[in-house]
Amino acid sequence: AADHAGPAIVLSFVVAGIGCAFAGLCYAELASMIPQSGSAYTYAYAAFGRFVGFIIGWDLTLEYGVAASTVAVGWGGYFKAVMKDIGLTVPEALSSAPLARGEDGGLVWTEAIINIPALVIVALITALLFVGIRTSATFNGAMVLLKVAVVLLVILFGLPLIDVGNLTPLVPENTGKFGEFGWSGILAGAGVIFFAYIGFDTVSVAAQEARNPQRDMPIGILGSLAICTVLYILMSLTMTGLAHYSTLGVENPVTVAVNAGGDEIAWLRPLVNLGALTGLSTVILVSLYGQTRIFYAMSRDGFLPNIFARIHPQFRTPSTSTLIIGALVALLAGLFPLDFLGDIVSAGTLLAFILVCVGVIVLRSTKPNASRPFVVPISPVIPILGVIVCGAMLYPLLETTW
C-alpha cells in the first residue's frame, strides 16, 4: 500500500486471489493425482523431468525458506511493539537488519548489528518441528484460532470507523515509474503481497501425510484460498481506511492502523500485537515445515544428500534437515530487511505456480489415462489463464529479484 498501490491494495488482493484461484485448481488436480510430499517440485518432476524438477525444487526454497525469514522479520516488528506497550525498549541495533535496500534496489549496510527477535522465533519454531508434526499441528491450530479471532475483531470494530478521505483516490496517480501507484501499481502490489497466499501451497506439500489425499487436498487448497481472500480484502480495506496508506510501510502496520483509529479501538492494540505474534508464528511454522518436506523429496530423488531424508527414530521427523534449514532461515531473518526478502519470496512463488499450471497441460498430454480424482474444469483455458495472471504479477518483481 505504501510503495505501490495505495488504497487500491484491495484490488491487488483481488488480482492475486484470481491468479491463485487458477493456480489452486491446477494444484488440486495434481495433488489428487500425485499424493506425495513435495508440492510443485513433485509435480514439475512428474511433468517435465529431472532438470526442471531440480530448478523448481530450489525455486521453492525461495517460497518456503525465505518466506519463513520474511515473516520472522515482521514478527520481530510486532514483538518490539509488545515490549513498548509494557514499558520496555528493544535496542534498534539488536532488533533490525544490518542490511537495507538502497535507492537503486541493491543492499546497503545500516548501523544495526542483527535482528535477534527474528532469529530467536525461528530457533524456537525449529525446535517445535524437530519434536514432531502432531505436536506442531495442535499448537498451530490453537494459534490460527487466535489469529483469525483478532483479524475478525479488527474488521468488525475498525471498518465502521474508516475515514473515506484515506481511501480517496482509490487508485493514486502514477509517479511516472511502472509499479509506483496507478494501475501498474495495483499489479506490482499484487506481486509483492502474493506470498500471503502460499499457505494453500503448503496444503499440497503435506499430501503424503493426509488420511485421504484425493478428497482432502482439493478441499484444503480451494477452501483455505477462498476464506483467506475474503479476510485479506476486508482487512486491507479496514487498514487503509483507518490510516493513510503512506504510513503503513512498517514492520507492524496493523498496530499503526489501530492507533490511527483513535480511542474507540485503542483497546484492540494489545490484542492486535498478540494476534500478530501468534499468527505470524503459524506462518513461520508452515513455511519451515514445507521447506523440510521439499528437501526430503529432493533428497529422496537424489538431488540432495541422504541426510535430508533421514528420519529421527523417536520423533519420526526429518530432524537433521529441520535443524540445518532452521539455522539458515534464522541467519537470513537476522541479516536481511523485510521488503527485500518479501519480493524474493513472491517471485519464487509465482514462478512455481506458473510451472504447476503448465504441468497440468503437459500431464494431460503425456499421461492421459492417469487417475484424476479432481479435474480442472475447462482445461487448458484455466491453466493458461493461471500462467498469464501469475506472469503479469511476476513481471514487476523481476528487476530487483532476478
# chains A, B, ... in the order shown; residues from 1 in each chain; ligands from 1

call {"tool": "residues_around", "arguments": {"residues": "Asn166 in chain A", "least_positions_apart": "4", "cutoff": "9 Å", "atoms": "only C-alpha atoms", "output": "CSV table (one decimal) with N, CA and C atoms, in the first residue's frame"}}
result
chain,number,residue,atom,x,y,z
A,7,PRO,N,-4.6,2.8,-1.4
A,7,PRO,CA,-5.8,2.1,-1.0
A,7,PRO,C,-6.2,1.0,-2.0
A,162,ILE,N,-13.7,3.8,9.5
A,162,ILE,CA,-12.7,4.2,8.4
A,162,ILE,C,-13.1,5.7,8.0
A,170,LEU,N,-9.0,6.1,-4.7
A,170,LEU,CA,-8.7,4.7,-4.5
A,170,LEU,C,-7.5,4.3,-5.2
A,240,THR,N,-6.3,0.5,5.4
A,240,THR,CA,-6.1,1.7,4.5
A,240,THR,C,-7.2,2.8,4.8
A,241,GLY,N,-8.3,2.4,5.3
A,241,GLY,CA,-9.4,3.3,5.7
A,241,GLY,C,-9.1,4.0,7.0
A,242,LEU,N,-8.5,3.3,8.0
A,242,LEU,CA,-8.1,3.8,9.3
A,242,LEU,C,-6.9,4.8,9.2
A,243,ALA,N,-5.9,4.3,8.5
A,243,ALA,CA,-4.6,5.1,8.4
A,243,ALA,C,-4.3,5.4,7.0
A,244,HIS,N,-3.7,6.6,6.7
A,244,HIS,CA,-3.3,6.9,5.3
A,244,HIS,C,-2.3,5.9,4.9
A,245,TYR,N,-2.4,5.4,3.6
A,245,TYR,CA,-1.6,4.3,3.1
A,245,TYR,C,-0.1,4.6,3.3

call {"tool": "residues_around", "arguments": {"residues": "Gly102 in chain A", "least_positions_apart": "3", "cutoff": "12 Å", "atoms": "only C-alpha atoms", "output": "short mmCIF file (atom, residue, chain, number, x, y, z; two decimals) with all heavy atoms, in the first residue's frame"}}
result
data_model
loop_
_atom_site.label_atom_id
_atom_site.label_comp_id
_atom_site.auth_asym_id
_atom_site.auth_seq_id
_atom_site.Cartn_x
_atom_site.Cartn_y
_atom_site.Cartn_z
N LEU A 99 21.41 -5.01 6.98
CA LEU A 99 21.35 -4.68 5.56
C LEU A 99 19.99 -4.07 5.25
O LEU A 99 18.97 -4.46 5.82
CB LEU A 99 21.56 -5.94 4.71
CG LEU A 99 22.95 -6.56 4.76
CD1 LEU A 99 22.93 -7.98 4.23
CD2 LEU A 99 23.94 -5.71 3.96
N GLY A 105 17.77 -0.29 -5.45
CA GLY A 105 17.24 -1.65 -5.30
C GLY A 105 18.24 -2.62 -4.73
O GLY A 105 17.89 -3.74 -4.34
N GLY A 106 19.53 -2.23 -4.66
CA GLY A 106 20.56 -3.09 -4.08
C GLY A 106 20.57 -2.99 -2.57
O GLY A 106 19.75 -2.31 -1.96
N LEU A 107 21.53 -3.66 -1.94
CA LEU A 107 21.61 -3.68 -0.48
C LEU A 107 22.73 -2.78 0.01
O LEU A 107 23.81 -2.70 -0.59
CB LEU A 107 21.84 -5.11 0.01
CG LEU A 107 20.67 -6.08 -0.17
CD1 LEU A 107 21.11 -7.50 0.14
CD2 LEU A 107 19.51 -5.69 0.72
N VAL A 108 22.45 -2.08 1.12
CA VAL A 108 23.46 -1.22 1.75
C VAL A 108 23.52 -1.57 3.24
O VAL A 108 22.56 -2.09 3.81
CB VAL A 108 23.11 0.28 1.58
CG1 VAL A 108 23.16 0.68 0.12
CG2 VAL A 108 21.73 0.59 2.16
N TRP A 109 24.64 -1.28 3.86
CA TRP A 109 24.80 -1.56 5.29
C TRP A 109 24.12 -0.49 6.13
O TRP A 109 24.11 0.68 5.77
CB TRP A 109 26.28 -1.64 5.66
CG TRP A 109 26.98 -2.84 5.10
CD1 TRP A 109 27.78 -2.89 4.01
CD2 TRP A 109 26.90 -4.18 5.61
NE1 TRP A 109 28.22 -4.17 3.79
CE2 TRP A 109 27.70 -4.99 4.77
CE3 TRP A 109 26.26 -4.77 6.70
CZ2 TRP A 109 27.85 -6.34 4.97
CZ3 TRP A 109 26.42 -6.14 6.91
CH2 TRP A 109 27.21 -6.91 6.05
N THR A 110 23.55 -0.91 7.26
CA THR A 110 22.96 0.03 8.21
C THR A 110 23.82 0.02 9.47
O THR A 110 24.86 -0.63 9.52
CB THR A 110 21.52 -0.39 8.58
OG1 THR A 110 21.57 -1.61 9.35
CG2 THR A 110 20.69 -0.63 7.33
N PRO A 337 16.45 -7.25 5.30
CA PRO A 337 15.24 -6.47 5.58
C PRO A 337 13.99 -7.11 5.00
O PRO A 337 14.05 -7.93 4.07
CB PRO A 337 15.53 -5.13 4.91
CG PRO A 337 16.42 -5.47 3.75
CD PRO A 337 17.27 -6.63 4.24
N ASP A 339 11.34 -5.93 3.15
CA ASP A 339 10.89 -5.72 1.76
C ASP A 339 11.72 -6.52 0.77
O ASP A 339 11.20 -7.08 -0.20
CB ASP A 339 10.90 -4.22 1.40
CG ASP A 339 12.25 -3.57 1.62
OD1 ASP A 339 13.14 -4.18 2.25
OD2 ASP A 339 12.43 -2.42 1.16
N PHE A 340 13.02 -6.61 1.01
CA PHE A 340 13.91 -7.35 0.12
C PHE A 340 13.55 -8.84 0.12
O PHE A 340 13.40 -9.47 -0.94
CB PHE A 340 15.36 -7.15 0.59
CG PHE A 340 16.38 -7.93 -0.19
CD1 PHE A 340 16.81 -7.50 -1.43
CD2 PHE A 340 16.92 -9.10 0.33
CE1 PHE A 340 17.75 -8.22 -2.15
CE2 PHE A 340 17.86 -9.82 -0.38
CZ PHE A 340 18.28 -9.38 -1.62
N THR A 400 14.38 -6.32 -9.53
CA THR A 400 15.16 -6.39 -8.30
C THR A 400 15.38 -7.79 -7.77
O THR A 400 16.24 -8.00 -6.92
CB THR A 400 14.48 -5.54 -7.18
OG1 THR A 400 13.13 -6.00 -7.05
CG2 THR A 400 14.50 -4.08 -7.51
#

call {"tool": "select_by_dssp", "arguments": {"residues": "range 294-368 of chain A", "states": "helix (DSSP H, G or I)", "output": "JSON, numbers by chain"}}
result
{"A": [294, 295, 296, 297, 298, 299, 300, 306, 307, 308, 309, 319, 320, 321, 322, 323, 324, 325, 326, 327, 328, 329, 330, 331, 332, 333, 334, 335, 338, 339, 340, 341, 342, 343, 344, 345, 346, 347, 348, 349, 350, 351, 352, 353, 354, 355, 356, 357, 358, 359, 360, 361, 362, 363, 364, 365, 366]}

call {"tool": "closest_residue", "arguments": {"among": "A:His4, A:Leu394, A:Ile55, A:Leu304", "to": "Glu180 in chain A", "atoms": "only C-alpha atoms"}}
result
A:His4

call {"tool": "select_by_dssp", "arguments": {"residues": "range 29-196 of chain A", "states": "strand (DSSP E or B)", "output": "PyMOL selection string"}}
result
chain A and resi 95+99-101+107-109+115

call {"tool": "closest_residue", "arguments": {"among": "A:Ile311, A:Ala347, A:Val254, A:Ile18", "to": "Val230 in chain A", "atoms": "only C-alpha atoms"}}
result
A:Ile18

call {"tool": "residues_around", "arguments": {"residues": "range 236-239 of chain A", "least_positions_apart": "2", "cutoff": "12 Å", "atoms": "only C-alpha atoms", "output": "PyMOL selection string"}}
result
chain A and resi 1-2+5-14+151-164+166-167+170+193+228-234+241-249+252-261

call {"tool": "closest_residue", "arguments": {"among": "A:Ile361, A:Leu94, A:Leu335, A:Ile294", "to": "Leu62 in chain A", "atoms": "only C-alpha atoms"}}
result
A:Ile294

call {"tool": "atom_distance", "arguments": {"atom1": "CA of Phe303 in chain A", "atom2": "CA of Leu350 in chain A"}}
result
22.5 Å
